[in-house]
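Here the structure is laid out as structure tokens; the discussion comes afterwards.
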Amino acid sequence: MRYVIIGAGAVGGTIGVRLGEAGHDVTLVARGAHLDAIRRRGLTLRTPEGTATWRGPATDAPGEGPLPADTVLVLTVKSQDTPAALAAWADAPVAGGGTAGERLPLFTAQNGVANEPAALRLFARVHAVCVWLPATHLEPGVVVANGYPHPGMLHVGRYPDGSDALDHAVAADLTGAGFVAPVRDDVMRWKYGKLLANLGNGLQALLGGDVPADLRDRVRAEGQAVLAAAGIAHTSTEEEAAERGDRVGHRPVDGQERSGSSTWQSLARSVGSTEVDHLNGEIVLLGRLHGVPTPANAAVAYAVRRAARERIRAGGFPPAELAKMIG
Ligand SMILES: NC(=O)C1=CN([C@@H]2O[C@H](COP(=O)(O)OP(=O)(O)OC[C@H]3O[C@@H](n4cnc5c(N)ncnc54)[C@H](OP(=O)(O)O)[C@@H]3O)[C@@H](O)[C@H]2O)C=CC1
Ligand SMILES: CC(C)(CO)C(=O)C(=O)O
């Protein structure tokens with residue numbers, strides 16, 4: 001199998017470099033200064049165990065020629081970038097006829113739960129990955145992965161449910177590349193559990209440092225109430241933690257702990273958008289559909305959107321204003 005990693009940032013860069021180091025055929029998809037840096041100097045992955053630099057094909061779009069029929073596409077852009085990335089790759093021709101959307105499998109290794117239905121509009125074969133992988137991408141050409149002793153846990157399964165031989169084959173490749181990669185028949189249950197964990201991302205991005213427990217508990221309690229009202233199954237914090245055990249911890253890299261959540265990193269890099277509408281915003285959407293009020297998640301989503309628009313750097317949003325909004 002050949003892997004095309006669409007969005008070789010923190011998560012995609014870690015997965016791509018580790019698969020490449022394990023001997024797999026990997027192409028990285030990136031854009032802008034990050035793509036330029038990868039083309040010039042390779043992609044450098046810094047981990048608690050040392051630094052590796054991957055040198056191989058990097059692109060920003062499918063080429064003119066057809067994609068090999070054994071290509072596996074792995075989508076690792078932030079959720080707000082999913083529609084454009086899917087559109088760019090769905091109609092790419094595949095060797096032997098047909099398009100990527102018709103023939104190639106697409107694995108969504110992302111947070112949130114809206115990427116899979118979006119992918120299924122354009123790709124017939126969608127697999128979901130629940131990603132526990134603490135990584136950071138702040139500098140072009142460089143990714144830092146703090147996971148230890150494994151770089152991360154990647155639950156793999158068919159969307160919307162079930163699992164097949166390809167899930168097992170991809171999980172085996174990920175395991176060979178150092179990840180903990182269980183195959184799940186109910187991968188979306190894991191992803192909804194992860195969604196609850198990620199409701200703290202926006203708060204962490206706004207305030208920096210550790211999220212105050214009372215604020216984190218408020219957004220999670222709303223999330224739990226909404227999922228219960230919607231009848232959506234999710235893993236519990238205890239089940240998640242037991243599964244990860246001591247396999248997915250983290251350590252400093254070159255003396256530095258991980259700086260902040262993936263949402264924090266979007267503000268820190270001032271990219272102008274964040275994933276918040278697919279995290280806290282997903283709870284707001286489900287709350288509106290099922291008649292459950294979600295004022296705390298709505299306030300966090302609003303504040304993160306404002307911070308991204310006004311390019312307020314991560315951790316710089318006025319805490320008093322936030323506390324007033326959340327109430
Ligand atoms: N970081 C983490 O520790 C974790 C992240 N996740 C999830 O993983 C997913 C990816 O997050 P993360 O790796 O942090 O994100 P990053 O921003 O680090 O990486 C995504 C990369 O994709 C690039 N990109 C976006 N759209 C395109 C496109 N159309 N073509 C080419 N490149 C593109 C981005 O470029 P640009 O910089 O220009 O936007 C960026 O370099 C998210 O859903 C996140 O929530 C899950 C667990 C942990
Ligand atoms: C939970 C965490 C921090 C790492 O897996 C994450 O999902 C994120 O930063 O988005």
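Here, A, B, ... name the chains of the structure tokens in the order displayed, residue numbers run from 1 inside each chain, and ligands are numbered from 1 in the same displayed order.
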Mind checking which residues fall within 12 Å of Leu227 in chain A, counting only C-alpha atoms, ignoring those fewer than 2 positions away in the same chain, and posting them as an NGL selection string?
:A and (189 or 192-193 or 195-196 or 220-225 or 229-236 or 282-292 or 294)
Residue selection dump (N, CA and C atoms) as a short mmCIF file (atom, residue, chain, number, x, y, z; two decimals), in the first residue's frame:
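Once written, out_33.cif looks like this:
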data_model
loop_
_atom_site.label_atom_id
_atom_site.label_comp_id
_atom_site.auth_asym_id
_atom_site.auth_seq_id
_atom_site.Cartn_x
_atom_site.Cartn_y
_atom_site.Cartn_z
N ARG A 189 -18.17 5.69 18.10
CA ARG A 189 -18.40 5.79 19.56
C ARG A 189 -17.13 6.35 20.22
N TYR A 192 -16.92 10.12 19.30
CA TYR A 192 -17.79 10.99 20.09
C TYR A 192 -17.23 11.16 21.50
N GLY A 193 -16.62 10.10 22.03
CA GLY A 193 -15.97 10.23 23.35
C GLY A 193 -14.83 11.23 23.27
N LEU A 195 -14.63 13.67 21.15
CA LEU A 195 -15.22 15.00 20.98
C LEU A 195 -15.45 15.66 22.34
N LEU A 196 -15.95 14.88 23.31
CA LEU A 196 -16.16 15.45 24.65
C LEU A 196 -14.84 15.93 25.24
N ARG A 220 -18.20 20.15 29.09
CA ARG A 220 -18.37 18.69 28.93
C ARG A 220 -19.76 18.23 29.38
N ALA A 221 -20.25 18.82 30.48
CA ALA A 221 -21.59 18.43 30.97
C ALA A 221 -22.64 18.75 29.90
N GLU A 222 -22.51 19.92 29.26
CA GLU A 222 -23.44 20.24 28.16
C GLU A 222 -23.30 19.21 27.05
N GLY A 223 -22.06 18.86 26.73
CA GLY A 223 -21.82 17.88 25.66
C GLY A 223 -22.46 16.54 25.97
N GLN A 224 -22.31 16.11 27.21
CA GLN A 224 -22.89 14.82 27.60
C GLN A 224 -24.42 14.87 27.53
N ALA A 225 -24.99 15.99 27.97
CA ALA A 225 -26.46 16.12 27.95
C ALA A 225 -26.97 16.08 26.51
N ALA A 229 -29.40 13.31 24.79
CA ALA A 229 -30.68 13.69 24.15
C ALA A 229 -30.74 13.20 22.71
N ALA A 230 -29.59 13.19 22.04
CA ALA A 230 -29.55 12.77 20.64
C ALA A 230 -29.46 11.25 20.51
N GLY A 231 -29.27 10.55 21.62
CA GLY A 231 -29.15 9.09 21.58
C GLY A 231 -27.86 8.63 20.91
N ILE A 232 -26.80 9.42 21.08
CA ILE A 232 -25.52 9.08 20.43
C ILE A 232 -24.60 8.42 21.45
N ALA A 233 -24.15 7.22 21.13
CA ALA A 233 -23.27 6.48 22.04
C ALA A 233 -21.86 7.08 22.01
N HIS A 234 -21.22 7.11 23.18
CA HIS A 234 -19.83 7.59 23.24
C HIS A 234 -19.09 6.87 24.35
N THR A 235 -17.78 6.80 24.21
CA THR A 235 -16.99 6.19 25.28
C THR A 235 -16.93 7.16 26.46
N SER A 236 -16.73 6.60 27.64
CA SER A 236 -16.60 7.46 28.83
C SER A 236 -15.12 7.79 29.03
N GLU A 282 -20.11 21.66 17.27
CA GLU A 282 -20.88 20.43 17.01
C GLU A 282 -21.91 20.22 18.13
N ILE A 283 -21.50 20.55 19.36
CA ILE A 283 -22.42 20.41 20.50
C ILE A 283 -23.54 21.44 20.39
N VAL A 284 -23.19 22.65 19.94
CA VAL A 284 -24.23 23.68 19.74
C VAL A 284 -25.23 23.20 18.70
N LEU A 285 -24.72 22.67 17.59
CA LEU A 285 -25.59 22.17 16.51
C LEU A 285 -26.53 21.07 17.03
N LEU A 286 -25.94 20.07 17.70
CA LEU A 286 -26.76 18.96 18.20
C LEU A 286 -27.75 19.44 19.26
N GLY A 287 -27.32 20.42 20.07
CA GLY A 287 -28.21 20.99 21.08
C GLY A 287 -29.43 21.64 20.42
N ARG A 288 -29.16 22.38 19.33
CA ARG A 288 -30.28 23.03 18.63
C ARG A 288 -31.20 21.99 18.00
N LEU A 289 -30.62 20.93 17.47
CA LEU A 289 -31.45 19.88 16.84
C LEU A 289 -32.30 19.14 17.86
N HIS A 290 -31.79 19.02 19.10
CA HIS A 290 -32.48 18.16 20.07
C HIS A 290 -33.03 18.94 21.27
N GLY A 291 -33.06 20.26 21.15
CA GLY A 291 -33.72 21.07 22.17
C GLY A 291 -32.97 21.13 23.50
N VAL A 292 -31.63 21.10 23.45
CA VAL A 292 -30.84 21.20 24.69
C VAL A 292 -30.04 22.50 24.65
N THR A 294 -27.09 25.09 25.10
CA THR A 294 -25.63 24.88 25.18
C THR A 294 -24.91 26.23 25.28
#
Pick out the residues no farther than 6 Å from ligand 2, counting only C-alpha atoms and all ligand atoms, and list them as a PyMOL selection string.
chain A and resi 132-134+198+261-262
Leaving out Arg269 in chain A and any residue of its chain fewer than 3 positions from it, which residues lie within 8 Å of it when counting only C-alpha atoms, given as a PDB file with N, CA, C and O atoms, in the first residue's frame?
ATOM      1  N   LEU A 138       4.368  24.275  14.681  1.00  0.00           N
ATOM      2  CA  LEU A 138       4.350  25.741  14.751  1.00  0.00           C
ATOM      3  C   LEU A 138       5.290  26.370  13.727  1.00  0.00           C
ATOM      4  O   LEU A 138       5.169  27.546  13.413  1.00  0.00           O
ATOM      5  N   GLN A 265      -2.733  25.833  18.796  1.00  0.00           N
ATOM      6  CA  GLN A 265      -1.703  25.989  17.755  1.00  0.00           C
ATOM      7  C   GLN A 265      -2.207  26.830  16.579  1.00  0.00           C
ATOM      8  O   GLN A 265      -1.448  27.593  15.983  1.00  0.00           O
ATOM      9  N   SER A 266      -3.512  26.686  16.253  1.00  0.00           N
ATOM     10  CA  SER A 266      -4.053  27.510  15.154  1.00  0.00           C
ATOM     11  C   SER A 266      -4.004  28.987  15.527  1.00  0.00           C
ATOM     12  O   SER A 266      -3.671  29.833  14.691  1.00  0.00           O
ATOM     13  N   ARG A 313      -3.430  36.268  19.841  1.00  0.00           N
ATOM     14  CA  ARG A 313      -2.552  35.091  19.967  1.00  0.00           C
ATOM     15  C   ARG A 313      -3.054  34.148  21.062  1.00  0.00           C
ATOM     16  O   ARG A 313      -3.736  34.564  21.991  1.00  0.00           O
TER      17      ARG A 313
END
Could you give me, as a ChimeraX atom specification, every polymer residue with an atom at most 6 Å away from an atom of ligand 1, counting only C-alpha atoms and all ligand atoms?
/A:7-12,29-31,60,76-79,81,84-85,110-111,131-137,262
Dump N, CA and C atoms for the selected residues as a PDB file, in the first residue's frame?
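Ended up saving to selection.pdb:
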ATOM      1  N   GLY A   7      -2.365  16.821   4.356  1.00  0.00           N
ATOM      2  CA  GLY A   7      -2.276  17.744   5.488  1.00  0.00           C
ATOM      3  C   GLY A   7      -1.210  17.285   6.460  1.00  0.00           C
ATOM      4  N   ALA A   8       0.059  17.388   6.030  1.00  0.00           N
ATOM      5  CA  ALA A   8       1.172  16.830   6.821  1.00  0.00           C
ATOM      6  C   ALA A   8       1.631  17.798   7.905  1.00  0.00           C
ATOM      7  N   GLY A   9       0.684  18.153   8.812  1.00  0.00           N
ATOM      8  CA  GLY A   9       1.038  19.008   9.945  1.00  0.00           C
ATOM      9  C   GLY A   9       1.388  18.157  11.150  1.00  0.00           C
ATOM     10  N   ALA A  10       0.851  18.543  12.333  1.00  0.00           N
ATOM     11  CA  ALA A  10       1.217  17.861  13.579  1.00  0.00           C
ATOM     12  C   ALA A  10       0.892  16.365  13.495  1.00  0.00           C
ATOM     13  N   VAL A  11      -0.375  16.042  13.227  1.00  0.00           N
ATOM     14  CA  VAL A  11      -0.790  14.636  13.196  1.00  0.00           C
ATOM     15  C   VAL A  11      -0.318  13.956  11.902  1.00  0.00           C
ATOM     16  N   GLY A  12      -0.607  14.580  10.764  1.00  0.00           N
ATOM     17  CA  GLY A  12      -0.226  13.975   9.481  1.00  0.00           C
ATOM     18  C   GLY A  12       1.277  13.831   9.339  1.00  0.00           C
ATOM     19  N   VAL A  29       1.237  15.711   1.640  1.00  0.00           N
ATOM     20  CA  VAL A  29       0.550  16.838   0.999  1.00  0.00           C
ATOM     21  C   VAL A  29       0.550  17.998   1.997  1.00  0.00           C
ATOM     22  N   ALA A  30       1.066  19.117   1.540  1.00  0.00           N
ATOM     23  CA  ALA A  30       1.148  20.303   2.406  1.00  0.00           C
ATOM     24  C   ALA A  30       0.952  21.529   1.523  1.00  0.00           C
ATOM     25  N   ARG A  31       1.087  22.713   2.120  1.00  0.00           N
ATOM     26  CA  ARG A  31       0.937  23.916   1.301  1.00  0.00           C
ATOM     27  C   ARG A  31       1.794  25.047   1.876  1.00  0.00           C
ATOM     28  N   ASP A  60       1.188  19.673  -3.325  1.00  0.00           N
ATOM     29  CA  ASP A  60       0.018  20.370  -2.775  1.00  0.00           C
ATOM     30  C   ASP A  60      -1.281  19.914  -3.435  1.00  0.00           C
ATOM     31  N   THR A  76      -5.689  14.499   7.153  1.00  0.00           N
ATOM     32  CA  THR A  76      -5.245  15.017   8.457  1.00  0.00           C
ATOM     33  C   THR A  76      -5.232  16.550   8.492  1.00  0.00           C
ATOM     34  N   VAL A  77      -6.077  17.167   7.670  1.00  0.00           N
ATOM     35  CA  VAL A  77      -6.217  18.627   7.778  1.00  0.00           C
ATOM     36  C   VAL A  77      -7.160  18.921   8.941  1.00  0.00           C
ATOM     37  N   LYS A  78      -7.167  20.162   9.432  1.00  0.00           N
ATOM     38  CA  LYS A  78      -8.160  20.534  10.438  1.00  0.00           C
ATOM     39  C   LYS A  78      -9.543  20.497   9.777  1.00  0.00           C
ATOM     40  N   SER A  79     -10.576  20.272  10.582  1.00  0.00           N
ATOM     41  CA  SER A  79     -11.922  20.039  10.025  1.00  0.00           C
ATOM     42  C   SER A  79     -12.413  21.178   9.123  1.00  0.00           C
ATOM     43  N   ASP A  81     -10.841  22.741   7.044  1.00  0.00           N
ATOM     44  CA  ASP A  81     -10.186  22.623   5.729  1.00  0.00           C
ATOM     45  C   ASP A  81     -10.595  21.354   4.987  1.00  0.00           C
ATOM     46  N   ALA A  84     -12.406  21.591   1.204  1.00  0.00           N
ATOM     47  CA  ALA A  84     -11.501  21.933   0.093  1.00  0.00           C
ATOM     48  C   ALA A  84     -10.549  20.778  -0.198  1.00  0.00           C
ATOM     49  N   ALA A  85     -10.058  20.118   0.845  1.00  0.00           N
ATOM     50  CA  ALA A  85      -9.118  19.010   0.621  1.00  0.00           C
ATOM     51  C   ALA A  85      -9.824  17.842  -0.072  1.00  0.00           C
ATOM     52  N   GLN A 110      -8.747  12.670  12.200  1.00  0.00           N
ATOM     53  CA  GLN A 110      -9.038  14.044  12.634  1.00  0.00           C
ATOM     54  C   GLN A 110      -9.914  14.027  13.878  1.00  0.00           C
ATOM     55  N   ASN A 111      -9.937  15.125  14.604  1.00  0.00           N
ATOM     56  CA  ASN A 111     -10.917  15.299  15.668  1.00  0.00           C
ATOM     57  C   ASN A 111     -12.239  15.751  15.058  1.00  0.00           C
ATOM     58  N   VAL A 131      -8.098   9.812  17.019  1.00  0.00           N
ATOM     59  CA  VAL A 131      -6.677  10.157  17.168  1.00  0.00           C
ATOM     60  C   VAL A 131      -6.358  10.668  18.567  1.00  0.00           C
ATOM     61  N   TRP A 132      -5.531   9.915  19.286  1.00  0.00           N
ATOM     62  CA  TRP A 132      -4.930  10.422  20.536  1.00  0.00           C
ATOM     63  C   TRP A 132      -3.442  10.528  20.258  1.00  0.00           C
ATOM     64  N   LEU A 133      -2.953  11.708  19.967  1.00  0.00           N
ATOM     65  CA  LEU A 133      -1.572  11.850  19.502  1.00  0.00           C
ATOM     66  C   LEU A 133      -1.110  13.276  19.785  1.00  0.00           C
ATOM     67  N   PRO A 134      -0.425  13.478  20.886  1.00  0.00           N
ATOM     68  CA  PRO A 134      -0.048  14.850  21.237  1.00  0.00           C
ATOM     69  C   PRO A 134       1.121  15.367  20.393  1.00  0.00           C
ATOM     70  N   ALA A 135       0.810  16.243  19.467  1.00  0.00           N
ATOM     71  CA  ALA A 135       1.849  16.745  18.562  1.00  0.00           C
ATOM     72  C   ALA A 135       1.671  18.240  18.323  1.00  0.00           C
ATOM     73  N   THR A 136       2.718  18.854  17.831  1.00  0.00           N
ATOM     74  CA  THR A 136       2.721  20.312  17.649  1.00  0.00           C
ATOM     75  C   THR A 136       3.385  20.667  16.327  1.00  0.00           C
ATOM     76  N   HIS A 137       2.743  21.592  15.617  1.00  0.00           N
ATOM     77  CA  HIS A 137       3.349  22.091  14.374  1.00  0.00           C
ATOM     78  C   HIS A 137       3.235  23.615  14.386  1.00  0.00           C
ATOM     79  N   SER A 262      -4.448  21.456  19.752  1.00  0.00           N
ATOM     80  CA  SER A 262      -4.388  21.753  18.310  1.00  0.00           C
ATOM     81  C   SER A 262      -5.077  23.085  18.008  1.00  0.00           C
TER      82      SER A 262
END
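Atom pair CA of His155 in chain A / CA of Val187 in chain A: separated by 6.7 Å.
The nearest approach to Phe123 in chain A among the residues A:Thr59, A:Thr108, A:Thr47, A:Asn297, with only C-alpha atoms taken into account, belongs to A:Thr108.
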